[in-house]
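Below is protein.cif, holding mmCIF, C-alpha atoms.
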```
data_coords
loop_
_atom_site.label_atom_id
_atom_site.label_comp_id
_atom_site.auth_asym_id
_atom_site.auth_seq_id
_atom_site.Cartn_x
_atom_site.Cartn_y
_atom_site.Cartn_z
CA MET H 1 81.30 84.80 132.47
CA THR H 2 79.44 84.05 129.22
CA VAL H 3 81.92 86.05 127.12
CA LEU H 4 84.91 84.34 128.76
CA ILE H 5 83.52 80.88 128.03
CA LEU H 6 82.52 81.89 124.49
CA VAL H 7 85.94 83.25 123.56
CA CYS H 8 88.00 80.61 125.38
CA ALA H 9 86.05 77.72 123.88
CA PHE H 10 86.38 79.26 120.42
CA LEU H 11 90.15 79.77 120.76
CA ILE H 12 90.75 76.31 122.23
CA LEU H 13 88.87 74.63 119.38
CA LEU H 14 90.63 76.82 116.81
CA CYS H 15 94.09 76.00 118.22
CA ALA H 16 93.15 72.31 118.27
CA GLY H 17 92.70 72.42 114.51
CA VAL H 18 88.90 72.34 114.46
CA PRO H 19 87.52 73.99 111.27
CA ILE H 20 86.58 77.63 111.83
CA ALA H 21 82.83 77.09 111.39
CA TRP H 22 82.67 74.37 114.04
CA ALA H 23 84.96 76.35 116.37
CA ILE H 24 82.48 79.26 116.20
CA ALA H 25 79.51 76.94 116.76
CA GLY H 26 81.32 75.14 119.59
CA GLY H 27 82.04 78.42 121.36
CA SER H 28 78.36 79.37 121.18
CA ILE H 29 77.24 75.96 122.50
CA ALA H 30 79.73 76.11 125.38
CA ALA H 31 78.56 79.63 126.30
CA LEU H 32 74.92 78.53 126.34
CA MET H 33 75.59 75.36 128.33
CA PHE H 34 78.02 76.68 130.92
CA GLY H 35 77.55 80.46 130.88
CA ASP H 36 75.10 82.58 132.83
CA PHE H 37 72.91 83.38 129.84
CA PRO H 38 69.49 81.68 130.21
CA MET H 39 68.79 80.36 126.70
CA PRO H 40 68.12 76.76 125.58
CA VAL H 41 70.58 75.15 123.20
CA ALA H 42 67.74 74.80 120.66
CA TRP H 43 67.94 78.57 120.30
CA LEU H 44 71.30 78.05 118.57
CA ALA H 45 69.67 76.07 115.76
CA GLN H 46 67.04 78.77 115.24
CA GLN H 47 69.64 81.54 115.08
CA THR H 48 71.87 79.49 112.76
CA ILE H 49 69.02 79.03 110.29
CA ARG H 50 68.27 82.75 110.52
CA GLY H 51 71.92 83.51 109.71
CA ALA H 52 71.65 81.83 106.32
CA ASP H 53 68.10 82.99 105.61
CA THR H 54 68.92 86.31 103.95
CA TYR H 55 67.80 87.17 100.43
CA THR H 56 70.95 89.17 99.68
CA LEU H 57 73.17 86.14 100.33
CA ILE H 58 71.73 84.46 97.21
CA ALA H 59 74.12 86.69 95.28
CA ILE H 60 77.14 84.78 96.62
CA PRO H 61 76.61 81.45 94.78
CA LEU H 62 75.46 83.29 91.67
CA PHE H 63 78.54 85.53 91.46
CA LEU H 64 80.82 82.56 92.15
CA PHE H 65 79.02 80.49 89.49
CA ALA H 66 79.33 83.32 86.96
CA GLY H 67 83.05 83.55 87.69
CA GLU H 68 83.48 79.81 87.18
CA LEU H 69 81.62 79.97 83.87
CA MET H 70 83.73 82.88 82.62
CA ASN H 71 86.92 81.11 83.67
CA ARG H 72 85.96 77.93 81.82
CA GLY H 73 84.90 80.06 78.86
CA GLY H 74 88.51 81.02 78.13
CA LEU H 75 88.52 84.67 79.14
CA THR H 76 91.60 84.67 81.42
CA HIS H 77 94.01 84.03 78.56
CA ARG H 78 92.39 86.77 76.45
CA ILE H 79 92.64 89.31 79.27
CA MET H 80 96.31 88.39 79.75
CA GLN H 81 97.04 88.93 76.04
CA VAL H 82 95.61 92.46 76.16
CA ALA H 83 97.54 93.26 79.35
CA GLU H 84 100.76 91.97 77.77
CA HIS H 85 100.30 94.34 74.82
CA VAL H 86 99.96 97.29 77.21
CA PHE H 87 102.56 96.46 79.91
CA GLY H 88 104.82 93.79 78.44
CA ARG H 89 107.47 96.22 77.18
CA PHE H 90 108.21 97.57 80.64
CA ARG H 91 111.16 96.04 82.47
CA GLY H 92 109.65 93.18 84.46
CA GLY H 93 106.49 93.75 82.45
CA LEU H 94 104.97 90.32 83.04
CA GLY H 95 104.71 91.25 86.72
CA LEU H 96 102.55 94.20 85.66
CA VAL H 97 100.60 91.92 83.31
CA ASN H 98 99.99 89.59 86.26
CA VAL H 99 98.50 92.43 88.32
CA ALA H 100 96.42 93.77 85.42
CA THR H 101 95.02 90.30 84.69
CA ALA H 102 94.11 89.80 88.37
CA PHE H 103 92.48 93.25 88.44
CA VAL H 104 90.17 92.53 85.51
CA TYR H 105 89.55 88.91 86.44
CA GLY H 106 88.82 89.89 90.05
CA GLY H 107 85.89 91.89 88.77
CA LEU H 108 84.49 88.69 87.28
CA THR H 109 84.91 86.23 90.16
CA GLY H 110 84.48 88.41 93.27
CA SER H 111 86.65 85.90 95.13
CA ALA H 112 90.32 86.21 96.09
CA THR H 113 90.85 82.45 96.13
CA ALA H 114 89.33 81.96 92.67
CA ASP H 115 91.24 84.97 91.32
CA THR H 116 94.59 83.78 92.70
CA SER H 117 94.16 80.16 91.66
CA THR H 118 93.18 80.94 88.07
CA VAL H 119 95.79 83.64 87.47
CA ALA H 120 98.48 81.45 89.09
CA LYS H 121 97.75 78.55 86.74
CA VAL H 122 98.04 80.82 83.71
CA MET H 123 100.74 83.34 84.66
CA ILE H 124 103.31 81.49 86.80
CA PRO H 125 104.31 78.97 84.09
CA ILE H 126 104.49 81.76 81.47
CA MET H 127 106.60 84.02 83.72
CA GLU H 128 108.98 81.18 84.59
CA LYS H 129 109.34 80.25 80.92
CA LYS H 130 110.22 83.90 80.12
CA GLY H 131 113.02 83.89 82.73
CA TYR H 132 111.34 85.31 85.84
CA PRO H 133 112.28 83.79 89.23
CA ARG H 134 109.63 81.34 90.36
CA ASP H 135 109.42 82.86 93.86
CA PHE H 136 108.76 86.35 92.42
CA SER H 137 106.13 85.01 90.03
CA ALA H 138 104.35 83.29 92.92
CA ALA H 139 104.64 86.33 95.18
CA VAL H 140 103.20 88.88 92.75
CA THR H 141 100.33 86.46 92.01
CA ALA H 142 99.57 86.00 95.73
CA ALA H 143 99.49 89.76 96.30
CA SER H 144 97.51 90.70 93.19
CA GLY H 145 94.95 87.99 93.99
CA THR H 146 93.59 90.23 96.76
CA LEU H 147 92.20 92.55 94.09
CA GLY H 148 89.36 90.04 93.72
CA ILE H 149 87.88 91.11 97.06
CA ILE H 150 87.96 94.84 96.29
CA VAL H 151 87.05 95.18 92.62
CA PRO H 152 83.24 94.92 92.26
CA PRO H 153 81.38 92.65 92.42
CA SER H 154 83.13 91.41 95.58
CA VAL H 155 81.77 88.62 97.77
CA ILE H 156 83.54 90.06 100.83
CA LEU H 157 82.06 93.53 100.29
CA LEU H 158 78.69 91.84 99.91
CA LEU H 159 79.20 90.10 103.27
CA TYR H 160 80.22 93.40 104.84
CA GLY H 161 77.09 95.05 103.51
CA VAL H 162 74.88 92.31 104.96
CA LEU H 163 76.66 92.34 108.34
CA THR H 164 76.60 96.12 108.77
CA ASN H 165 73.40 96.98 106.90
CA THR H 166 75.35 99.06 104.38
CA SER H 167 74.23 99.58 100.77
CA ILE H 168 75.86 96.84 98.70
CA GLY H 169 75.55 98.89 95.51
CA GLY H 170 77.26 101.78 97.27
CA LEU H 171 80.06 99.49 98.50
CA PHE H 172 80.60 98.13 95.00
CA VAL H 173 80.87 101.66 93.61
CA ALA H 174 83.15 102.69 96.49
CA GLY H 175 85.50 99.81 95.65
CA VAL H 176 86.27 100.98 92.12
CA ILE H 177 88.85 103.68 92.94
CA PRO H 178 90.59 101.78 95.81
CA GLY H 179 90.78 98.67 93.61
CA GLY H 180 92.40 100.63 90.79
CA MET H 181 94.68 102.40 93.25
CA LEU H 182 95.88 99.13 94.81
CA ALA H 183 96.49 97.67 91.35
CA LEU H 184 98.65 100.69 90.45
CA VAL H 185 100.58 100.41 93.72
CA PHE H 186 101.25 96.71 93.07
CA MET H 187 102.28 97.49 89.48
CA ALA H 188 104.72 100.15 90.66
CA THR H 189 106.16 97.70 93.18
CA ALA H 190 106.58 94.97 90.54
CA TRP H 191 108.16 97.47 88.12
CA ILE H 192 110.67 98.72 90.72
CA ILE H 193 111.68 95.13 91.52
CA GLY H 194 111.90 94.35 87.79
CA VAL H 195 114.19 97.31 87.11
CA ARG H 196 116.37 96.59 90.16
CA GLU H 197 116.83 92.91 89.26
CA ASN H 198 116.88 93.43 85.49
CA PHE H 199 113.92 91.18 84.73
CA PRO H 200 113.17 90.54 81.04
CA ARG H 201 110.66 92.42 78.93
CA VAL H 202 108.88 91.85 75.62
CA GLU H 203 111.09 92.84 72.72
CA GLY H 204 110.03 94.22 69.37
CA LYS H 205 107.74 97.02 68.25
CA PHE H 206 104.19 97.50 69.43
CA ASP H 207 101.82 95.86 66.92
CA PHE H 208 98.66 97.98 66.98
CA ALA H 209 96.75 95.69 64.59
CA LEU H 210 97.40 92.66 66.81
CA PHE H 211 96.51 94.66 69.93
CA ARG H 212 93.23 95.79 68.35
CA ARG H 213 92.37 92.19 67.42
CA ASP H 214 93.10 90.85 70.92
CA LEU H 215 91.28 93.75 72.56
CA TRP H 216 88.18 93.10 70.44
CA ARG H 217 88.21 89.44 71.43
CA ALA H 218 88.63 90.23 75.14
CA LEU H 219 86.16 93.14 75.25
CA PRO H 220 83.04 91.07 76.08
CA ALA H 221 84.82 89.50 79.06
CA MET H 222 86.21 92.84 80.26
CA PHE H 223 82.76 94.43 79.95
CA MET H 224 81.15 92.08 82.49
CA PRO H 225 82.09 94.09 85.66
CA VAL H 226 80.85 97.26 83.96
CA PHE H 227 77.61 95.51 83.03
CA VAL H 228 77.00 94.24 86.58
CA LEU H 229 77.94 97.49 88.31
CA GLY H 230 75.99 99.59 85.82
CA ALA H 231 72.84 97.50 86.30
CA ILE H 232 73.05 98.05 90.07
CA VAL H 233 73.94 101.75 89.97
CA THR H 234 71.15 102.63 87.56
CA GLY H 235 68.64 100.95 89.85
CA PHE H 236 67.65 98.51 87.14
CA VAL H 237 68.33 95.54 89.44
CA THR H 238 69.34 94.79 93.02
CA ALA H 239 72.72 93.21 93.82
CA THR H 240 71.10 89.76 94.00
CA GLU H 241 69.33 90.21 90.66
CA ALA H 242 72.57 91.51 89.14
CA ALA H 243 74.25 88.27 90.23
CA GLY H 244 71.61 86.34 88.30
CA LEU H 245 72.18 88.52 85.24
CA SER H 246 75.93 87.89 85.49
CA VAL H 247 75.29 84.14 85.20
CA VAL H 248 73.19 84.66 82.07
CA TYR H 249 75.86 86.99 80.64
CA ALA H 250 78.62 84.45 81.37
CA LEU H 251 76.64 81.67 79.68
CA LEU H 252 76.04 83.79 76.57
CA ILE H 253 79.61 85.07 76.25
CA GLY H 254 81.36 81.80 77.06
CA GLY H 255 78.96 79.61 75.10
CA LEU H 256 77.92 81.70 72.09
CA PHE H 257 80.58 84.39 71.63
CA TYR H 258 83.79 82.53 72.59
CA ARG H 259 82.29 79.07 71.94
CA GLU H 260 84.59 77.54 74.58
CA LEU H 261 81.94 76.84 77.22
CA GLY H 262 80.14 73.56 76.59
CA TRP H 263 77.47 71.59 78.43
CA ARG H 264 80.13 69.35 79.95
CA ASP H 265 81.62 72.40 81.70
CA LEU H 266 78.43 73.23 83.59
CA ILE H 267 78.52 70.39 86.13
CA PRO H 268 82.16 71.03 87.25
CA ALA H 269 81.39 74.76 87.46
CA ILE H 270 78.30 74.07 89.60
CA ILE H 271 80.24 71.71 91.89
CA GLU H 272 83.07 74.22 92.39
CA SER H 273 80.75 77.16 93.09
CA VAL H 274 78.58 75.09 95.46
CA ALA H 275 81.67 74.01 97.41
CA LEU H 276 82.86 77.62 97.75
CA THR H 277 79.36 78.78 98.66
CA GLY H 278 79.02 76.10 101.33
CA SER H 279 82.24 77.13 103.03
CA VAL H 280 81.06 80.75 103.18
CA MET H 281 77.43 80.14 104.10
CA ILE H 282 78.06 77.74 106.98
CA ILE H 283 80.33 80.33 108.59
CA MET H 284 77.76 83.07 108.01
CA ALA H 285 75.09 80.88 109.60
CA VAL H 286 76.95 79.90 112.79
CA ALA H 287 78.40 83.40 113.18
CA VAL H 288 74.94 84.88 113.84
CA PRO H 289 74.43 83.31 117.31
CA PHE H 290 78.12 83.91 118.07
CA GLY H 291 77.83 87.60 117.19
CA TRP H 292 74.48 87.90 118.98
CA LEU H 293 76.03 86.60 122.20
CA LEU H 294 78.85 89.12 121.88
CA THR H 295 76.35 91.91 121.30
CA VAL H 296 73.96 91.16 124.17
CA THR H 297 76.89 90.84 126.55
CA GLN H 298 77.90 94.35 125.38
CA VAL H 299 81.34 93.42 124.05
CA PRO H 300 81.17 96.01 121.21
CA HIS H 301 80.12 98.67 123.71
CA MET H 302 82.93 97.75 126.12
CA ALA H 303 85.50 97.74 123.30
CA ALA H 304 84.32 101.14 122.11
CA ALA H 305 84.40 102.48 125.66
CA TRP H 306 87.93 101.14 126.18
CA ILE H 307 89.27 102.78 123.01
CA GLY H 308 87.32 105.95 123.81
CA ALA H 309 88.91 106.05 127.27
CA LEU H 310 92.32 106.19 125.63
CA GLN H 311 91.30 109.64 124.33
CA THR H 312 93.01 109.12 120.99
CA GLY H 313 92.25 110.98 117.79
CA PRO H 314 90.36 109.47 114.84
CA VAL H 315 93.53 108.35 113.02
CA VAL H 316 94.98 106.58 116.06
CA THR H 317 91.61 104.95 116.72
CA MET H 318 91.50 103.62 113.18
CA LEU H 319 95.10 102.42 113.49
CA LEU H 320 94.09 100.45 116.61
CA VAL H 321 91.18 98.94 114.68
CA ILE H 322 93.54 98.04 111.82
CA LEU H 323 95.97 96.50 114.31
CA VAL H 324 93.23 94.23 115.63
CA LEU H 325 92.18 93.30 112.10
CA LYS H 326 95.78 92.60 111.10
CA VAL H 327 96.54 90.44 114.14
CA VAL H 328 93.35 88.43 113.66
CA GLY H 329 94.08 88.23 109.94
CA PHE H 330 97.33 86.42 110.77
CA TRP H 331 95.33 83.44 112.02
CA ILE H 332 91.82 83.54 110.54
CA ASP H 333 90.74 83.77 106.92
CA LEU H 334 89.20 87.08 105.89
CA GLY H 335 85.58 85.86 105.62
CA PRO H 336 85.34 84.53 109.19
CA ALA H 337 87.39 87.47 110.47
CA MET H 338 84.99 89.94 108.83
CA ILE H 339 81.98 88.10 110.25
CA ILE H 340 83.40 88.03 113.79
CA LEU H 341 84.98 91.49 113.96
CA ALA H 342 82.69 93.74 111.90
CA PRO H 343 79.92 93.92 114.56
CA ILE H 344 82.54 94.86 117.17
CA LEU H 345 84.88 97.23 115.32
CA VAL H 346 82.59 99.04 112.85
CA PRO H 347 80.76 100.98 115.62
CA ILE H 348 84.15 102.05 117.00
CA ALA H 349 85.30 103.32 113.60
CA LYS H 350 81.99 105.12 113.05
CA ALA H 351 82.25 106.78 116.48
CA ALA H 352 85.71 108.04 115.46
CA GLY H 353 84.13 109.88 112.53
CA PHE H 354 84.80 107.55 109.60
CA GLU H 355 82.13 106.93 106.95
CA PRO H 356 80.58 103.46 106.32
CA TYR H 357 81.98 103.05 102.78
CA GLN H 358 85.41 104.19 103.89
CA ILE H 359 85.34 101.75 106.82
CA GLY H 360 84.21 98.91 104.59
CA LEU H 361 87.08 99.35 102.15
CA ILE H 362 89.65 99.80 104.93
CA PHE H 363 88.36 96.62 106.59
CA THR H 364 88.43 94.68 103.32
CA LEU H 365 91.89 95.87 102.30
CA THR H 366 93.34 95.15 105.76
CA LEU H 367 91.89 91.66 105.95
CA GLY H 368 92.97 91.06 102.35
CA TRP H 369 96.50 91.90 103.51
CA GLY H 370 96.27 88.76 105.64
CA LEU H 371 95.66 86.63 102.56
CA PHE H 372 99.33 86.93 101.60
CA THR H 373 100.78 87.10 105.12
CA PRO H 374 102.11 83.96 106.86
CA PRO H 375 101.27 81.74 108.67
CA ILE H 376 97.66 81.30 107.41
CA GLY H 377 97.70 83.40 104.23
CA THR H 378 95.46 81.44 101.86
CA ASN H 379 96.86 83.02 98.70
CA ILE H 380 100.39 81.95 99.65
CA PHE H 381 99.37 78.31 99.91
CA VAL H 382 97.50 78.53 96.59
CA VAL H 383 100.49 79.90 94.65
CA CYS H 384 102.99 77.61 96.39
CA ASN H 385 100.87 74.64 95.41
CA VAL H 386 100.71 75.77 91.78
CA ALA H 387 104.37 76.78 91.54
CA LYS H 388 105.64 73.78 93.56
CA ILE H 389 107.74 76.00 95.81
CA ASP H 390 108.26 76.37 99.57
CA ILE H 391 106.52 79.14 101.50
CA GLY H 392 109.80 80.71 102.74
CA PRO H 393 111.15 82.16 99.45
CA VAL H 394 107.69 83.38 98.46
CA SER H 395 107.18 85.09 101.84
CA ARG H 396 110.49 86.96 101.47
CA ARG H 397 109.48 88.13 98.00
CA LEU H 398 106.16 89.38 99.42
CA ILE H 399 107.75 91.90 101.81
CA PRO H 400 107.64 94.84 99.30
CA PHE H 401 103.98 94.07 98.58
CA TRP H 402 103.18 94.18 102.32
CA PHE H 403 104.58 97.73 102.46
CA ALA H 404 102.69 98.61 99.28
CA THR H 405 99.42 97.47 100.87
CA ALA H 406 100.15 99.45 104.04
CA PHE H 407 100.67 102.54 101.86
CA ALA H 408 97.33 101.96 100.10
CA ILE H 409 95.51 101.58 103.45
CA ALA H 410 97.10 104.82 104.68
CA LEU H 411 95.78 106.61 101.58
CA LEU H 412 92.25 105.40 102.34
CA ILE H 413 92.53 106.71 105.91
CA PHE H 414 93.87 110.16 105.06
CA PHE H 415 91.91 110.71 101.83
CA PRO H 416 88.25 109.75 102.44
CA SER H 417 87.29 111.01 98.97
CA LEU H 418 88.91 107.91 97.49
CA THR H 419 85.97 105.90 98.82
CA LEU H 420 83.27 108.59 99.10
CA TRP H 421 83.50 110.66 95.92
CA LEU H 422 82.21 108.08 93.43
CA PRO H 423 79.28 106.82 95.63
CA GLY H 424 78.30 110.44 96.19
CA LEU H 425 78.42 111.10 92.46
CA MET H 426 76.19 108.07 91.86
CA GLY H 427 73.67 109.09 94.51
CA TYR H 428 74.59 106.63 97.28
#
```
Written as structure tokens, how would this file's structure read?
Amino acid sequence: MTVLILVCAFLILLCAGVPIAWAIAGGSIAALMFGDFPMPVAWLAQQTIRGADTYTLIAIPLFLFAGELMNRGGLTHRIMQVAEHVFGRFRGGLGLVNVATAFVYGGLTGSATADTSTVAKVMIPIMEKKGYPRDFSAAVTAASGTLGIIVPPSVILLLYGVLTNTSIGGLFVAGVIPGGMLALVFMATAWIIGVRENFPRVEGKFDFALFRRDLWRALPAMFMPVFVLGAIVTGFVTATEAAGLSVVYALLIGGLFYRELGWRDLIPAIIESVALTGSVMIIMAVAVPFGWLLTVTQVPHMAAAWIGALQTGPVVTMLLVILVLKVVGFWIDLGPAMIILAPILVPIAKAAGFEPYQIGLIFTLTLGWGLFTPPIGTNIFVVCNVAKIDIGPVSRRLIPFWFATAFAIALLIFFPSLTLWLPGLMGY
């Protein structure tokens, strides 16, 4: 009875257009008031406070703030220049440059929304000016923006680590190879489309002196993910302390090295990062009582028992888990979806024989798939707003990238070493 009220109230509020955080809280309140679980409503407030009272979560605003500082410090354009030197001479090369820029920048922001928004503002006008169709430019930006949740440091991987009690340092290390693999898959997709539709490419000979100059200028920005990940892997700092170091690094590089980050940029950067942090933290907070009610009513156990009763193999079990993640990802943003589904589905995947790091990356990649899938795909709305284009043409252009993502997820399922080899090498 409690579960029925919890889920129905949540879905009714969600369909009525209530923000996801209040829909989760409303479901919990309804379950406590009208269900058969004897707990006072005041318990909800206590559990909500406990949900936000986690030391590791301090890393979220710090990583987001560091990303904002690096963005305002002028690094995106420098990264794009280096990528254009390397990939611009391929047919449809600016599509590859788009993916490469998102890959490097994703390692600085840790956020898909921030990654997509920034790269869209820089790349879409340039691609359109060079003769690329606007719908393709928007589509490749929406897809490549998901790299921000996989390439370390990733806010979503950090959330997964907190929710499932998995080593965050290990998750960050495990995300390196899948992030690079997904970037290569997206590049191959963009290149095939570019060749088929005869997109333009950069003409002229490769200028090594100019490339060396641009690479030198961009190197401090590109080194930041290595700096953060290296500090964690060596045991010098925890993930939360590394987030603090990333802020200091961003201030030094943007303010002293590039000299493009001024005092007047700090307040807007703080406001933006606080707004993003608030949207994540309120969901994390209200999801704790929601998830606790699901757990004590044995929903994860019943779901695991139901899938176990089907007597399927490990691969089919994981495909069922992915199906649930994909269907939910159609309607709910990846952060709330991870918070709601991880406590239910992770035990099922573990029981099927999959490893925690492998599960975490499969979860993240699958939910990231939803970011550029209609009707709720956040990245689609971001790029459509920047490019001033309707969602229909962009969605049609995204179809090859959906298949590319499915291929990448399949590789993670069938080749566990993609997520386990590097953590094992680093001692995780």
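Taking CA of Ala102 (chain H) and CA of Gly148 (chain H) as the two end points, the separation is 7.2 Å.
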Give me the result of the PyMOL selection byres ((chain H and resi 420) around 10) on this file, residue by residue, as a VMD selection string. chain H and resid 170 to 171 173 to 175 177 355 to 358 415 to 419 421 to 425 428
Quick one: residues within 7 Å of region 123-131 of chain H, all atoms listed in the file, excluding same-chain residues fewer than 6 positions away - as an MDAnalysis selection string? chainID H and resid 94 98 137:138 200 387
Produce a table with one row for each residue of region 242-295 of chain H that has an atom at most 7 Å from any atom of region 14-31 of chain H, each row naming the nearest atom pair and its distance in Å at one decimal; use only C-alpha atoms; arrange rows by chain and rising residue number; format as a Markdown table.
```
| residue | atom | partner | partner_atom | distance |
| --- | --- | --- | --- | --- |
| H:Ile282 | CA | H:Ala21 | CA | 6.5 |
| H:Ile283 | CA | H:Ala21 | CA | 5.0 |
| H:Val286 | CA | H:Ala25 | CA | 5.6 |
| H:Ala287 | CA | H:Ile24 | CA | 6.6 |
| H:Pro289 | CA | H:Ser28 | CA | 6.8 |
| H:Phe290 | CA | H:Ser28 | CA | 5.5 |
```
Could you list, as a VMD selection string, every residue matched by the PyMOL selection byres ((chain H and resi 139-145) around 6) in this structure? chain H and resid 99 102 112 115 to 116 136 to 138 146 to 148 372 379 to 380 394 397 to 398
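Distance-wise, CA of Ser395 (chain H) and CA of Val327 (chain H) end up 17.1 Å apart.
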Show me, as a PyMOL selection string, the residues that have an atom within 10 Å of Ala242 (chain H) when counting all atoms listed in the file, minus same-chain residues fewer than 3 positions from it. chain H and resi 59+62-63+153+227-232+236-239+245-248
Contacts of region 221-223 of chain H at 10 Å or less, counting only C-alpha atoms, minus same-chain residues fewer than 5 places along, as a PDB file with C-alpha atoms, in the coordinates of the input?
```pdb
ATOM      1  CA  MET H  70      83.730  82.880  82.620  1.00  0.00           C
ATOM      2  CA  ASN H  71      86.920  81.110  83.670  1.00  0.00           C
ATOM      3  CA  GLY H  73      84.900  80.060  78.860  1.00  0.00           C
ATOM      4  CA  GLY H  74      88.510  81.020  78.130  1.00  0.00           C
ATOM      5  CA  LEU H  75      88.520  84.670  79.140  1.00  0.00           C
ATOM      6  CA  THR H  76      91.600  84.670  81.420  1.00  0.00           C
ATOM      7  CA  ARG H  78      92.390  86.770  76.450  1.00  0.00           C
ATOM      8  CA  ILE H  79      92.640  89.310  79.270  1.00  0.00           C
ATOM      9  CA  VAL H 104      90.170  92.530  85.510  1.00  0.00           C
ATOM     10  CA  TYR H 105      89.550  88.910  86.440  1.00  0.00           C
ATOM     11  CA  GLY H 107      85.890  91.890  88.770  1.00  0.00           C
ATOM     12  CA  LEU H 108      84.490  88.690  87.280  1.00  0.00           C
ATOM     13  CA  LEU H 215      91.280  93.750  72.560  1.00  0.00           C
ATOM     14  CA  TRP H 216      88.180  93.100  70.440  1.00  0.00           C
ATOM     15  CA  VAL H 228      77.000  94.240  86.580  1.00  0.00           C
ATOM     16  CA  TYR H 249      75.860  86.990  80.640  1.00  0.00           C
ATOM     17  CA  ALA H 250      78.620  84.450  81.370  1.00  0.00           C
ATOM     18  CA  ILE H 253      79.610  85.070  76.250  1.00  0.00           C
ATOM     19  CA  GLY H 254      81.360  81.800  77.060  1.00  0.00           C
ATOM     20  CA  PHE H 257      80.580  84.390  71.630  1.00  0.00           C
ATOM     21  CA  TYR H 258      83.790  82.530  72.590  1.00  0.00           C
TER      22      TYR H 258
END
```
Could you list the residues chosen by the PyMOL selection byres ((chain H and resi 277) around 10) in this structure as a ChimeraX atom specification? /H:57-58,60-65,271-276,278-282
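Take CA of Leu294 (chain H) and CA of Val3 (chain H): the distance between them is 6.8 Å.
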Within 12 Å of region 201-212 of chain H using only C-alpha atoms, minus same-chain residues under 6 positions, as a PDB file with C-alpha atoms, in the frame of the given file:
```pdb
ATOM      1  CA  ARG H  78      92.390  86.770  76.450  1.00  0.00           C
ATOM      2  CA  ILE H  79      92.640  89.310  79.270  1.00  0.00           C
ATOM      3  CA  MET H  80      96.310  88.390  79.750  1.00  0.00           C
ATOM      4  CA  GLN H  81      97.040  88.930  76.040  1.00  0.00           C
ATOM      5  CA  VAL H  82      95.610  92.460  76.160  1.00  0.00           C
ATOM      6  CA  ALA H  83      97.540  93.260  79.350  1.00  0.00           C
ATOM      7  CA  GLU H  84     100.760  91.970  77.770  1.00  0.00           C
ATOM      8  CA  HIS H  85     100.300  94.340  74.820  1.00  0.00           C
ATOM      9  CA  VAL H  86      99.960  97.290  77.210  1.00  0.00           C
ATOM     10  CA  PHE H  87     102.560  96.460  79.910  1.00  0.00           C
ATOM     11  CA  GLY H  88     104.820  93.790  78.440  1.00  0.00           C
ATOM     12  CA  ARG H  89     107.470  96.220  77.180  1.00  0.00           C
ATOM     13  CA  PHE H  90     108.210  97.570  80.640  1.00  0.00           C
ATOM     14  CA  ARG H  91     111.160  96.040  82.470  1.00  0.00           C
ATOM     15  CA  GLY H  92     109.650  93.180  84.460  1.00  0.00           C
ATOM     16  CA  GLY H  93     106.490  93.750  82.450  1.00  0.00           C
ATOM     17  CA  LEU H  94     104.970  90.320  83.040  1.00  0.00           C
ATOM     18  CA  GLY H  95     104.710  91.250  86.720  1.00  0.00           C
ATOM     19  CA  LEU H  96     102.550  94.200  85.660  1.00  0.00           C
ATOM     20  CA  VAL H  97     100.600  91.920  83.310  1.00  0.00           C
ATOM     21  CA  MET H 127     106.600  84.020  83.720  1.00  0.00           C
ATOM     22  CA  LYS H 130     110.220  83.900  80.120  1.00  0.00           C
ATOM     23  CA  GLY H 131     113.020  83.890  82.730  1.00  0.00           C
ATOM     24  CA  TYR H 132     111.340  85.310  85.840  1.00  0.00           C
ATOM     25  CA  TRP H 191     108.160  97.470  88.120  1.00  0.00           C
ATOM     26  CA  GLY H 194     111.900  94.350  87.790  1.00  0.00           C
ATOM     27  CA  VAL H 195     114.190  97.310  87.110  1.00  0.00           C
ATOM     28  CA  ALA H 218      88.630  90.230  75.140  1.00  0.00           C
ATOM     29  CA  LEU H 219      86.160  93.140  75.250  1.00  0.00           C
TER      30      LEU H 219
END
```
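Each of H:Pro225, H:Gly370, H:Gly353, H:Gly180 was compared to Ala337 (chain H) using all atoms listed in the file, and H:Gly370 turns out to be the nearest.
With distances restricted to all atoms listed in the file, H:Leu334 is the closest residue to Thr378 (chain H) from H:Leu334, H:Ile322, H:Leu361, H:Leu163.
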Considering all atoms listed in the file, state which residue in the set H:Arg264, H:Arg213, H:Lys326, H:Arg196 is at the smallest distance from Ala406 (chain H). H:Lys326
